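**Q** What follows is the file model07.tsv, containing TSV, N, CA, C and O atoms:
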chain	number	residue	atom	x	y	z
B	1	MET	N	-1.03	-15.66	-10.74
B	1	MET	CA	-2.35	-15.69	-11.29
B	1	MET	C	-3.25	-14.82	-10.43
B	1	MET	O	-3.19	-14.84	-9.22
B	2	ALA	N	-4.10	-14.05	-11.06
B	2	ALA	CA	-4.96	-13.11	-10.35
B	2	ALA	C	-6.42	-13.57	-10.41
B	2	ALA	O	-6.86	-14.14	-11.39
B	3	SER	N	-7.12	-13.30	-9.32
B	3	SER	CA	-8.56	-13.53	-9.32
B	3	SER	C	-9.24	-12.24	-8.88
B	3	SER	O	-8.76	-11.54	-7.98
B	4	ILE	N	-10.35	-11.94	-9.52
B	4	ILE	CA	-11.11	-10.73	-9.23
B	4	ILE	C	-12.51	-11.15	-8.83
B	4	ILE	O	-13.17	-11.90	-9.54
B	5	VAL	N	-12.96	-10.65	-7.67
B	5	VAL	CA	-14.26	-11.02	-7.12
B	5	VAL	C	-15.01	-9.75	-6.75
B	5	VAL	O	-14.42	-8.82	-6.20
B	6	LYS	N	-16.32	-9.73	-7.03
B	6	LYS	CA	-17.13	-8.60	-6.62
B	6	LYS	C	-17.66	-8.87	-5.22
B	6	LYS	O	-18.26	-9.91	-4.95
B	7	ARG	N	-17.43	-7.92	-4.33
B	7	ARG	CA	-17.92	-8.03	-2.96
B	7	ARG	C	-18.75	-6.79	-2.66
B	7	ARG	O	-18.22	-5.70	-2.46
B	8	GLY	N	-20.06	-6.98	-2.65
B	8	GLY	CA	-20.94	-5.84	-2.44
B	8	GLY	C	-20.89	-4.93	-3.66
B	8	GLY	O	-21.16	-5.36	-4.77
B	9	LYS	N	-20.50	-3.68	-3.43
B	9	LYS	CA	-20.44	-2.71	-4.53
B	9	LYS	C	-19.02	-2.51	-5.05
B	9	LYS	O	-18.81	-1.71	-5.96
B	10	SER	N	-18.05	-3.22	-4.49
B	10	SER	CA	-16.67	-3.03	-4.93
B	10	SER	C	-16.05	-4.37	-5.35
B	10	SER	O	-16.62	-5.43	-5.13
B	11	TYR	N	-14.88	-4.28	-5.94
B	11	TYR	CA	-14.16	-5.46	-6.43
B	11	TYR	C	-12.93	-5.71	-5.58
B	11	TYR	O	-12.31	-4.77	-5.06
B	12	HIS	N	-12.56	-6.97	-5.48
B	12	HIS	CA	-11.42	-7.42	-4.68
B	12	HIS	C	-10.49	-8.24	-5.58
B	12	HIS	O	-10.95	-9.09	-6.33
B	13	VAL	N	-9.17	-7.99	-5.47
B	13	VAL	CA	-8.18	-8.68	-6.29
B	13	VAL	C	-7.28	-9.52	-5.39
B	13	VAL	O	-6.86	-9.05	-4.32
B	14	ARG	N	-6.99	-10.74	-5.80
B	14	ARG	CA	-6.02	-11.59	-5.10
B	14	ARG	C	-5.06	-12.15	-6.15
B	14	ARG	O	-5.48	-12.79	-7.10
B	15	VAL	N	-3.77	-11.89	-5.95
B	15	VAL	CA	-2.74	-12.40	-6.84
B	15	VAL	C	-1.96	-13.47	-6.09
B	15	VAL	O	-1.51	-13.25	-4.97
B	16	SER	N	-1.83	-14.64	-6.69
B	16	SER	CA	-1.12	-15.76	-6.08
B	16	SER	C	0.09	-16.13	-6.92
B	16	SER	O	0.05	-16.06	-8.15
B	17	TRP	N	1.17	-16.55	-6.25
B	17	TRP	CA	2.36	-17.03	-6.95
B	17	TRP	C	3.15	-17.93	-6.00
B	17	TRP	O	2.87	-17.98	-4.80
B	18	ARG	N	4.09	-18.64	-6.54
B	18	ARG	CA	4.96	-19.50	-5.74
B	18	ARG	C	6.37	-18.91	-5.78
B	18	ARG	O	6.86	-18.53	-6.84
B	19	ASP	N	7.00	-18.86	-4.61
B	19	ASP	CA	8.37	-18.34	-4.57
B	19	ASP	C	9.34	-19.42	-5.03
B	19	ASP	O	8.94	-20.51	-5.45
B	20	LYS	N	10.62	-19.11	-4.96
B	20	LYS	CA	11.63	-20.04	-5.49
B	20	LYS	C	11.68	-21.36	-4.73
B	20	LYS	O	12.16	-22.36	-5.24
B	21	ASN	N	11.13	-21.39	-3.50
B	21	ASN	CA	11.09	-22.62	-2.71
B	21	ASN	C	9.78	-23.37	-2.88
B	21	ASN	O	9.56	-24.39	-2.25
B	22	GLY	N	8.90	-22.86	-3.73
B	22	GLY	CA	7.63	-23.51	-3.97
B	22	GLY	C	6.53	-23.17	-2.98
B	22	GLY	O	5.46	-23.76	-2.99
B	23	VAL	N	6.78	-22.18	-2.12
B	23	VAL	CA	5.80	-21.78	-1.11
B	23	VAL	C	4.80	-20.81	-1.76
B	23	VAL	O	5.19	-19.86	-2.44
B	24	LEU	N	3.52	-21.07	-1.53
B	24	LEU	CA	2.47	-20.23	-2.09
B	24	LEU	C	2.43	-18.89	-1.37
B	24	LEU	O	2.39	-18.83	-0.14
B	25	LYS	N	2.44	-17.81	-2.12
B	25	LYS	CA	2.36	-16.45	-1.60
B	25	LYS	C	1.14	-15.80	-2.22
B	25	LYS	O	0.76	-16.10	-3.36
B	26	GLN	N	0.52	-14.88	-1.48
B	26	GLN	CA	-0.65	-14.17	-1.98
B	26	GLN	C	-0.61	-12.71	-1.53
B	26	GLN	O	-0.13	-12.41	-0.44
B	27	LYS	N	-1.15	-11.85	-2.36
B	27	LYS	CA	-1.33	-10.46	-2.01
B	27	LYS	C	-2.71	-10.07	-2.49
B	27	LYS	O	-3.11	-10.40	-3.61
B	28	SER	N	-3.45	-9.35	-1.65
B	28	SER	CA	-4.80	-8.98	-2.04
B	28	SER	C	-5.06	-7.53	-1.69
B	28	SER	O	-4.41	-6.95	-0.81
B	29	LYS	N	-6.02	-6.97	-2.39
B	29	LYS	CA	-6.43	-5.59	-2.15
B	29	LYS	C	-7.87	-5.45	-2.63
B	29	LYS	O	-8.26	-6.03	-3.64
B	30	GLY	N	-8.65	-4.68	-1.92
B	30	GLY	CA	-10.04	-4.49	-2.28
B	30	GLY	C	-10.39	-3.02	-2.38
B	30	GLY	O	-9.54	-2.15	-2.21
B	31	GLY	N	-11.67	-2.76	-2.65
B	31	GLY	CA	-12.15	-1.40	-2.70
B	31	GLY	C	-12.13	-0.76	-4.07
B	31	GLY	O	-12.29	0.46	-4.19
B	32	PHE	N	-11.96	-1.53	-5.12
B	32	PHE	CA	-11.97	-0.98	-6.47
B	32	PHE	C	-13.41	-0.75	-6.91
B	32	PHE	O	-14.27	-1.61	-6.75
B	33	LYS	N	-13.68	0.41	-7.47
B	33	LYS	CA	-15.04	0.75	-7.87
B	33	LYS	C	-15.50	0.01	-9.13
B	33	LYS	O	-16.67	-0.31	-9.26
B	34	THR	N	-14.56	-0.25	-10.03
B	34	THR	CA	-14.92	-0.94	-11.27
B	34	THR	C	-14.05	-2.17	-11.46
B	34	THR	O	-12.95	-2.29	-10.89
B	35	LYS	N	-14.54	-3.08	-12.26
B	35	LYS	CA	-13.78	-4.29	-12.54
B	35	LYS	C	-12.52	-3.96	-13.33
B	35	LYS	O	-11.48	-4.59	-13.17
B	36	ASN	N	-12.62	-2.93	-14.18
B	36	ASN	CA	-11.47	-2.53	-14.98
B	36	ASN	C	-10.33	-2.01	-14.08
B	36	ASN	O	-9.16	-2.31	-14.32
B	37	GLU	N	-10.66	-1.25	-13.03
B	37	GLU	CA	-9.63	-0.78	-12.10
B	37	GLU	C	-8.95	-1.96	-11.42
B	37	GLU	O	-7.74	-1.99	-11.25
B	38	ALA	N	-9.75	-2.93	-11.00
B	38	ALA	CA	-9.21	-4.12	-10.35
B	38	ALA	C	-8.30	-4.89	-11.30
B	38	ALA	O	-7.23	-5.35	-10.92
B	39	ARG	N	-8.72	-5.02	-12.54
B	39	ARG	CA	-7.93	-5.74	-13.54
B	39	ARG	C	-6.60	-5.03	-13.78
B	39	ARG	O	-5.55	-5.67	-13.90
B	40	GLN	N	-6.62	-3.69	-13.86
B	40	GLN	CA	-5.38	-2.94	-14.07
B	40	GLN	C	-4.41	-3.14	-12.91
B	40	GLN	O	-3.21	-3.32	-13.12
B	41	TYR	N	-4.93	-3.15	-11.70
B	41	TYR	CA	-4.09	-3.38	-10.52
B	41	TYR	C	-3.46	-4.78	-10.59
B	41	TYR	O	-2.27	-4.95	-10.32
B	42	ALA	N	-4.27	-5.77	-10.95
B	42	ALA	CA	-3.78	-7.15	-11.05
B	42	ALA	C	-2.68	-7.27	-12.11
B	42	ALA	O	-1.67	-7.93	-11.90
B	43	VAL	N	-2.87	-6.62	-13.23
B	43	VAL	CA	-1.87	-6.68	-14.31
B	43	VAL	C	-0.57	-6.04	-13.85
B	43	VAL	O	0.52	-6.57	-14.11
B	44	GLU	N	-0.65	-4.90	-13.14
B	44	GLU	CA	0.56	-4.25	-12.64
B	44	GLU	C	1.33	-5.15	-11.67
B	44	GLU	O	2.54	-5.27	-11.75
B	45	LEU	N	0.59	-5.80	-10.76
B	45	LEU	CA	1.25	-6.71	-9.82
B	45	LEU	C	1.90	-7.88	-10.53
B	45	LEU	O	3.04	-8.26	-10.22
B	46	GLU	N	1.21	-8.46	-11.51
B	46	GLU	CA	1.78	-9.60	-12.23
B	46	GLU	C	3.01	-9.18	-13.03
B	46	GLU	O	3.98	-9.93	-13.12
B	47	GLN	N	2.99	-7.97	-13.60
B	47	GLN	CA	4.18	-7.49	-14.31
B	47	GLN	C	5.36	-7.34	-13.36
B	47	GLN	O	6.49	-7.67	-13.70
B	48	GLN	N	5.10	-6.83	-12.16
B	48	GLN	CA	6.16	-6.70	-11.17
B	48	GLN	C	6.71	-8.06	-10.77
B	48	GLN	O	7.92	-8.22	-10.58
B	49	LEU	N	5.84	-9.04	-10.64
B	49	LEU	CA	6.29	-10.39	-10.32
B	49	LEU	C	7.20	-10.95	-11.40
B	49	LEU	O	8.23	-11.56	-11.11
B	50	PHE	N	6.82	-10.77	-12.66
B	50	PHE	CA	7.61	-11.31	-13.76
B	50	PHE	C	8.95	-10.61	-13.92
B	50	PHE	O	9.90	-11.20	-14.42
B	51	THR	N	9.04	-9.36	-13.48
B	51	THR	CA	10.32	-8.65	-13.57
B	51	THR	C	11.19	-8.88	-12.35
B	51	THR	O	12.31	-8.40	-12.29
B	52	GLY	N	10.66	-9.61	-11.34
B	52	GLY	CA	11.46	-9.94	-10.18
B	52	GLY	C	11.33	-8.99	-9.01
B	52	GLY	O	12.10	-9.08	-8.05
B	53	VAL	N	10.39	-8.08	-9.05
B	53	VAL	CA	10.19	-7.14	-7.95
B	53	VAL	C	9.46	-7.85	-6.81
B	53	VAL	O	8.51	-8.59	-7.03
B	54	ASN	N	9.92	-7.63	-5.59
B	54	ASN	CA	9.26	-8.21	-4.42
B	54	ASN	C	8.04	-7.36	-4.09
B	54	ASN	O	8.17	-6.23	-3.62
B	55	ILE	N	6.84	-7.90	-4.30
B	55	ILE	CA	5.63	-7.10	-4.12
B	55	ILE	C	5.07	-7.20	-2.71
B	55	ILE	O	4.14	-6.49	-2.37
B	56	LYS	N	5.62	-8.06	-1.89
B	56	LYS	CA	5.16	-8.13	-0.50
B	56	LYS	C	5.65	-6.89	0.23
B	56	LYS	O	6.79	-6.48	0.08
B	57	GLN	N	4.77	-6.29	1.01
B	57	GLN	CA	5.16	-5.10	1.75
B	57	GLN	C	6.15	-5.46	2.83
B	57	GLN	O	6.00	-6.45	3.53
B	58	LYS	N	7.16	-4.64	2.96
B	58	LYS	CA	8.16	-4.86	3.98
B	58	LYS	C	7.72	-4.15	5.25
B	58	LYS	O	7.14	-3.07	5.20
B	59	LYS	N	8.03	-4.75	6.38
B	59	LYS	CA	7.76	-4.10	7.66
B	59	LYS	C	8.88	-3.12	7.93
B	59	LYS	O	10.05	-3.46	7.84
B	60	ILE	N	8.49	-1.88	8.25
B	60	ILE	CA	9.50	-0.87	8.55
B	60	ILE	C	9.40	-0.50	10.02
B	60	ILE	O	8.31	-0.55	10.59
B	61	PRO	N	10.50	-0.12	10.63
B	61	PRO	CA	10.46	0.30	12.03
B	61	PRO	C	9.61	1.56	12.20
B	61	PRO	O	9.51	2.40	11.29
B	62	PHE	N	9.02	1.70	13.38
B	62	PHE	CA	8.17	2.85	13.65
B	62	PHE	C	8.93	4.16	13.49
B	62	PHE	O	8.39	5.15	13.02
B	63	SER	N	10.21	4.17	13.87
B	63	SER	CA	11.00	5.41	13.78
B	63	SER	C	11.09	5.90	12.34
B	63	SER	O	10.98	7.10	12.08
B	64	GLU	N	11.27	4.97	11.38
B	64	GLU	CA	11.32	5.37	9.97
B	64	GLU	C	9.95	5.85	9.50
B	64	GLU	O	9.85	6.83	8.78
B	65	TYR	N	8.89	5.14	9.92
B	65	TYR	CA	7.54	5.54	9.54
B	65	TYR	C	7.24	6.94	10.06
B	65	TYR	O	6.72	7.79	9.34
B	66	PHE	N	7.57	7.21	11.32
B	66	PHE	CA	7.29	8.51	11.91
B	66	PHE	C	8.09	9.61	11.22
B	66	PHE	O	7.55	10.70	10.95
B	67	ALA	N	9.36	9.35	10.93
B	67	ALA	CA	10.18	10.36	10.25
B	67	ALA	C	9.59	10.69	8.88
B	67	ALA	O	9.51	11.86	8.49
B	68	ASN	N	9.14	9.68	8.15
B	68	ASN	CA	8.51	9.91	6.85
B	68	ASN	C	7.21	10.69	7.01
B	68	ASN	O	6.95	11.64	6.27
B	69	TRP	N	6.40	10.31	8.00
B	69	TRP	CA	5.14	11.01	8.24
B	69	TRP	C	5.39	12.48	8.58
B	69	TRP	O	4.71	13.36	8.08
B	70	TYR	N	6.38	12.73	9.41
B	70	TYR	CA	6.70	14.11	9.80
B	70	TYR	C	7.11	14.94	8.59
B	70	TYR	O	6.66	16.07	8.43
B	71	GLU	N	7.94	14.38	7.73
B	71	GLU	CA	8.39	15.12	6.54
B	71	GLU	C	7.23	15.43	5.61
B	71	GLU	O	7.16	16.49	5.01
B	72	VAL	N	6.28	14.51	5.50
B	72	VAL	CA	5.18	14.70	4.56
B	72	VAL	C	4.11	15.63	5.12
B	72	VAL	O	3.63	16.52	4.44
B	73	TYR	N	3.75	15.43	6.39
B	73	TYR	CA	2.59	16.14	6.93
B	73	TYR	C	2.89	17.31	7.85
B	73	TYR	O	2.14	18.26	7.91
B	74	LYS	N	3.95	17.26	8.62
B	74	LYS	CA	4.22	18.31	9.60
B	74	LYS	C	5.31	19.28	9.18
B	74	LYS	O	5.25	20.45	9.50
B	75	HIS	N	6.30	18.80	8.50
B	75	HIS	CA	7.43	19.65	8.14
B	75	HIS	C	7.03	20.87	7.29
B	75	HIS	O	7.54	21.96	7.52
B	76	PRO	N	6.12	20.73	6.34
B	76	PRO	CA	5.77	21.90	5.53
B	76	PRO	C	5.02	22.99	6.29
B	76	PRO	O	4.82	24.08	5.78
B	77	LEU	N	4.60	22.73	7.52
B	77	LEU	CA	3.85	23.72	8.28
B	77	LEU	C	4.74	24.89	8.67
B	77	LEU	O	5.94	24.76	8.84
B	78	GLN	N	4.11	26.02	8.88
B	78	GLN	CA	4.84	27.20	9.32
B	78	GLN	C	5.20	27.04	10.79
B	78	GLN	O	4.59	26.26	11.53
B	79	SER	N	6.17	27.83	11.24
B	79	SER	CA	6.65	27.69	12.62
B	79	SER	C	5.55	27.99	13.64
B	79	SER	O	5.49	27.39	14.70
B	80	THR	N	4.64	28.91	13.34
B	80	THR	CA	3.56	29.21	14.28
B	80	THR	C	2.61	28.03	14.42
B	80	THR	O	2.11	27.76	15.51
B	81	GLN	N	2.37	27.33	13.33
B	81	GLN	CA	1.52	26.15	13.40
B	81	GLN	C	2.18	25.06	14.23
B	81	GLN	O	1.52	24.37	15.00
B	82	LEU	N	3.50	24.91	14.09
B	82	LEU	CA	4.21	23.91	14.87
B	82	LEU	C	4.15	24.24	16.35
B	82	LEU	O	3.98	23.37	17.19
B	83	LYS	N	4.28	25.54	16.69
B	83	LYS	CA	4.22	25.93	18.10
B	83	LYS	C	2.84	25.61	18.67
B	83	LYS	O	2.74	25.12	19.80
B	84	ASN	N	1.80	25.86	17.90
B	84	ASN	CA	0.45	25.55	18.37
B	84	ASN	C	0.26	24.05	18.55
B	84	ASN	O	-0.40	23.61	19.48
B	85	ASP	N	0.82	23.26	17.65
B	85	ASP	CA	0.74	21.80	17.76
B	85	ASP	C	1.44	21.33	19.03
B	85	ASP	O	0.95	20.43	19.72
B	86	MET	N	2.56	21.93	19.36
B	86	MET	CA	3.30	21.52	20.54
B	86	MET	C	2.55	21.92	21.82
B	86	MET	O	2.62	21.23	22.82
B	87	LYS	N	1.81	23.03	21.79
B	87	LYS	CA	1.04	23.44	22.96
B	87	LYS	C	-0.10	22.47	23.24
B	87	LYS	O	-0.48	22.26	24.38
B	88	LEU	N	-0.65	21.86	22.20
B	88	LEU	CA	-1.75	20.94	22.37
B	88	LEU	C	-1.32	19.66	23.07
B	88	LEU	O	-2.13	18.98	23.68
B	89	GLN	N	-0.06	19.33	22.99
B	89	GLN	CA	0.41	18.09	23.61
B	89	GLN	C	0.62	18.34	25.02
B	89	GLN	O	0.69	18.16	25.98
Just give me the structure as structure tokens.

**A**
Amino acid sequence: MASIVKRGKSYHVRVSWRDKNGVLKQKSKGGFKTKNEARQYAVELEQQLFTGVNIKQKKIPFSEYFANWYEVYKHPLQSTQLKNDMKLQ
């Protein structure tokens, strides 16, 4: 079940559900500019819950996070840019 609350100028969504052991779980996100955006986010999360997708974020090791960050942000740089980055360190 989702709840949408206006906080200041933005909207906040909280989706609650019970896992197979009956433990209450919640996921929330804020910063939506319109109520419609918040509602769409809530509907997507609830659809994922009904299809069995685990919507809780998994903790990943720093090494995996860094490798992903490097591929996205640093790898596309040219070799001269990489050399300059290494000089700054």

**Q** Could you state the separation of atom O of B:Lys25 and atom C of B:Asn68 in Å, given to one decimal place?

**A**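 Straight-line distance from atom O of B:Lys25 to atom C of B:Asn68 works out to 29.4 Å.
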
**Q** Report as a ChimeraX atom specification: the residues of stretch 9-51 of chain B with a DSSP assignment of strand (DSSP E or B), based on the backbone of this structure.

**A** /B:10-18,24-32

**Q** By how many Å are atom N of B:Trp69 and atom CA of B:Arg14 apart?

**A**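 We find that atom N of B:Trp69 and atom CA of B:Arg14 lie 28.4 Å from each other.
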
**Q** Step one, run DSSP on the backbone; step two, keep only residues of stretch 23-54 of chain B assigned to helix (DSSP H, G or I); then write them as a count of residues only.

**A** 17

**Q** What does the distance from atom CA of B:Ser3 to atom CA of B:Val15 come to in Å, to one decimal?

**A**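 It comes out at 6.4 Å.
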
**Q** Given the choices B:Val43, B:Leu49, B:Met1, B:Ile60, which gets closest to B:Lys27 if the distance is worked out from all atoms listed in the file?

**A**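 Smallest separation from B:Lys27 among the options: B:Met1.
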
**Q** Residues near B:Ile4, anyone? I mean within 8 Å using all atoms listed in the file, not counting same-chain ones fewer than 6 positions away, as a list in words.

**A**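 Near neighbours after the sequence-gap exclusion: Ser10, Tyr11, His12, Val13, Arg14, Val15, Lys29, Lys35, Ala38 and Arg39 of chain B.
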
**Q** Kindly output stretch 61-72 of chain B as a PDB file, in the frame of the given file, after building all heavy atoms.

**A**
ATOM      1  N   PRO B  61      10.500  -0.120  10.630  1.00  0.00           N
ATOM      2  CA  PRO B  61      10.460   0.300  12.030  1.00  0.00           C
ATOM      3  C   PRO B  61       9.610   1.560  12.200  1.00  0.00           C
ATOM      4  O   PRO B  61       9.510   2.400  11.290  1.00  0.00           O
ATOM      5  CB  PRO B  61      11.923   0.592  12.367  1.00  0.00           C
ATOM      6  CG  PRO B  61      12.715  -0.064  11.302  1.00  0.00           C
ATOM      7  CD  PRO B  61      11.851  -0.153  10.100  1.00  0.00           C
ATOM      8  N   PHE B  62       9.020   1.700  13.380  1.00  0.00           N
ATOM      9  CA  PHE B  62       8.170   2.850  13.650  1.00  0.00           C
ATOM     10  C   PHE B  62       8.930   4.160  13.490  1.00  0.00           C
ATOM     11  O   PHE B  62       8.390   5.150  13.020  1.00  0.00           O
ATOM     12  CB  PHE B  62       7.560   2.768  15.052  1.00  0.00           C
ATOM     13  CG  PHE B  62       6.710   3.955  15.381  1.00  0.00           C
ATOM     14  CD1 PHE B  62       5.441   4.087  14.838  1.00  0.00           C
ATOM     15  CD2 PHE B  62       7.179   4.949  16.214  1.00  0.00           C
ATOM     16  CE1 PHE B  62       4.652   5.180  15.118  1.00  0.00           C
ATOM     17  CE2 PHE B  62       6.400   6.050  16.504  1.00  0.00           C
ATOM     18  CZ  PHE B  62       5.137   6.172  15.962  1.00  0.00           C
ATOM     19  N   SER B  63      10.210   4.170  13.870  1.00  0.00           N
ATOM     20  CA  SER B  63      11.000   5.410  13.780  1.00  0.00           C
ATOM     21  C   SER B  63      11.090   5.900  12.340  1.00  0.00           C
ATOM     22  O   SER B  63      10.980   7.100  12.080  1.00  0.00           O
ATOM     23  CB  SER B  63      12.389   5.198  14.365  1.00  0.00           C
ATOM     24  OG  SER B  63      13.039   4.138  13.695  1.00  0.00           O
ATOM     25  N   GLU B  64      11.270   4.970  11.380  1.00  0.00           N
ATOM     26  CA  GLU B  64      11.320   5.370   9.970  1.00  0.00           C
ATOM     27  C   GLU B  64       9.950   5.850   9.500  1.00  0.00           C
ATOM     28  O   GLU B  64       9.850   6.830   8.780  1.00  0.00           O
ATOM     29  CB  GLU B  64      11.776   4.204   9.106  1.00  0.00           C
ATOM     30  CG  GLU B  64      13.232   3.858   9.252  1.00  0.00           C
ATOM     31  CD  GLU B  64      13.627   2.703   8.358  1.00  0.00           C
ATOM     32  OE1 GLU B  64      13.008   2.529   7.279  1.00  0.00           O
ATOM     33  OE2 GLU B  64      14.551   1.968   8.746  1.00  0.00           O
ATOM     34  N   TYR B  65       8.890   5.140   9.920  1.00  0.00           N
ATOM     35  CA  TYR B  65       7.540   5.540   9.540  1.00  0.00           C
ATOM     36  C   TYR B  65       7.240   6.940  10.060  1.00  0.00           C
ATOM     37  O   TYR B  65       6.720   7.790   9.340  1.00  0.00           O
ATOM     38  CB  TYR B  65       6.517   4.543  10.104  1.00  0.00           C
ATOM     39  CG  TYR B  65       5.097   4.975   9.903  1.00  0.00           C
ATOM     40  CD1 TYR B  65       4.454   4.748   8.694  1.00  0.00           C
ATOM     41  CD2 TYR B  65       4.401   5.625  10.900  1.00  0.00           C
ATOM     42  CE1 TYR B  65       3.154   5.159   8.492  1.00  0.00           C
ATOM     43  CE2 TYR B  65       3.105   6.050  10.716  1.00  0.00           C
ATOM     44  CZ  TYR B  65       2.480   5.810   9.506  1.00  0.00           C
ATOM     45  OH  TYR B  65       1.197   6.239   9.314  1.00  0.00           O
ATOM     46  N   PHE B  66       7.570   7.210  11.320  1.00  0.00           N
ATOM     47  CA  PHE B  66       7.290   8.510  11.910  1.00  0.00           C
ATOM     48  C   PHE B  66       8.090   9.610  11.220  1.00  0.00           C
ATOM     49  O   PHE B  66       7.550  10.700  10.950  1.00  0.00           O
ATOM     50  CB  PHE B  66       7.593   8.507  13.408  1.00  0.00           C
ATOM     51  CG  PHE B  66       7.294   9.830  14.060  1.00  0.00           C
ATOM     52  CD1 PHE B  66       5.989  10.175  14.361  1.00  0.00           C
ATOM     53  CD2 PHE B  66       8.308  10.723  14.346  1.00  0.00           C
ATOM     54  CE1 PHE B  66       5.702  11.399  14.942  1.00  0.00           C
ATOM     55  CE2 PHE B  66       8.033  11.950  14.926  1.00  0.00           C
ATOM     56  CZ  PHE B  66       6.728  12.291  15.228  1.00  0.00           C
ATOM     57  N   ALA B  67       9.360   9.350  10.930  1.00  0.00           N
ATOM     58  CA  ALA B  67      10.180  10.360  10.250  1.00  0.00           C
ATOM     59  C   ALA B  67       9.590  10.690   8.880  1.00  0.00           C
ATOM     60  O   ALA B  67       9.510  11.860   8.490  1.00  0.00           O
ATOM     61  CB  ALA B  67      11.614   9.850  10.107  1.00  0.00           C
ATOM     62  N   ASN B  68       9.140   9.680   8.150  1.00  0.00           N
ATOM     63  CA  ASN B  68       8.510   9.910   6.850  1.00  0.00           C
ATOM     64  C   ASN B  68       7.210  10.690   7.010  1.00  0.00           C
ATOM     65  O   ASN B  68       6.950  11.640   6.270  1.00  0.00           O
ATOM     66  CB  ASN B  68       8.253   8.575   6.158  1.00  0.00           C
ATOM     67  CG  ASN B  68       7.691   8.767   4.772  1.00  0.00           C
ATOM     68  OD1 ASN B  68       8.069   9.693   4.062  1.00  0.00           O
ATOM     69  ND2 ASN B  68       6.778   7.899   4.387  1.00  0.00           N
ATOM     70  N   TRP B  69       6.400  10.310   8.000  1.00  0.00           N
ATOM     71  CA  TRP B  69       5.140  11.010   8.240  1.00  0.00           C
ATOM     72  C   TRP B  69       5.390  12.480   8.580  1.00  0.00           C
ATOM     73  O   TRP B  69       4.710  13.360   8.080  1.00  0.00           O
ATOM     74  CB  TRP B  69       4.394  10.319   9.391  1.00  0.00           C
ATOM     75  CG  TRP B  69       3.174  11.046   9.827  1.00  0.00           C
ATOM     76  CD1 TRP B  69       1.935  10.961   9.284  1.00  0.00           C
ATOM     77  CD2 TRP B  69       3.079  11.981  10.899  1.00  0.00           C
ATOM     78  NE1 TRP B  69       1.063  11.785   9.944  1.00  0.00           N
ATOM     79  CE2 TRP B  69       1.746  12.426  10.951  1.00  0.00           C
ATOM     80  CE3 TRP B  69       3.988  12.483  11.826  1.00  0.00           C
ATOM     81  CZ2 TRP B  69       1.308  13.352  11.887  1.00  0.00           C
ATOM     82  CZ3 TRP B  69       3.547  13.399  12.756  1.00  0.00           C
ATOM     83  CH2 TRP B  69       2.224  13.819  12.778  1.00  0.00           C
ATOM     84  N   TYR B  70       6.380  12.730   9.410  1.00  0.00           N
ATOM     85  CA  TYR B  70       6.700  14.110   9.800  1.00  0.00           C
ATOM     86  C   TYR B  70       7.110  14.940   8.590  1.00  0.00           C
ATOM     87  O   TYR B  70       6.660  16.070   8.430  1.00  0.00           O
ATOM     88  CB  TYR B  70       7.813  14.116  10.846  1.00  0.00           C
ATOM     89  CG  TYR B  70       8.153  15.516  11.313  1.00  0.00           C
ATOM     90  CD1 TYR B  70       7.377  16.153  12.264  1.00  0.00           C
ATOM     91  CD2 TYR B  70       9.234  16.202  10.775  1.00  0.00           C
ATOM     92  CE1 TYR B  70       7.667  17.440  12.673  1.00  0.00           C
ATOM     93  CE2 TYR B  70       9.538  17.481  11.181  1.00  0.00           C
ATOM     94  CZ  TYR B  70       8.747  18.100  12.133  1.00  0.00           C
ATOM     95  OH  TYR B  70       9.027  19.376  12.527  1.00  0.00           O
ATOM     96  N   GLU B  71       7.940  14.380   7.730  1.00  0.00           N
ATOM     97  CA  GLU B  71       8.390  15.120   6.540  1.00  0.00           C
ATOM     98  C   GLU B  71       7.230  15.430   5.610  1.00  0.00           C
ATOM     99  O   GLU B  71       7.160  16.490   5.010  1.00  0.00           O
ATOM    100  CB  GLU B  71       9.462  14.325   5.792  1.00  0.00           C
ATOM    101  CG  GLU B  71      10.792  14.289   6.488  1.00  0.00           C
ATOM    102  CD  GLU B  71      11.422  15.667   6.613  1.00  0.00           C
ATOM    103  OE1 GLU B  71      11.353  16.454   5.650  1.00  0.00           O
ATOM    104  OE2 GLU B  71      11.961  15.948   7.691  1.00  0.00           O
ATOM    105  N   VAL B  72       6.280  14.510   5.500  1.00  0.00           N
ATOM    106  CA  VAL B  72       5.180  14.700   4.560  1.00  0.00           C
ATOM    107  C   VAL B  72       4.110  15.630   5.120  1.00  0.00           C
ATOM    108  O   VAL B  72       3.630  16.520   4.440  1.00  0.00           O
ATOM    109  CB  VAL B  72       4.555  13.337   4.178  1.00  0.00           C
ATOM    110  CG1 VAL B  72       3.282  13.526   3.374  1.00  0.00           C
ATOM    111  CG2 VAL B  72       5.557  12.513   3.393  1.00  0.00           C
TER     112      VAL B  72
END
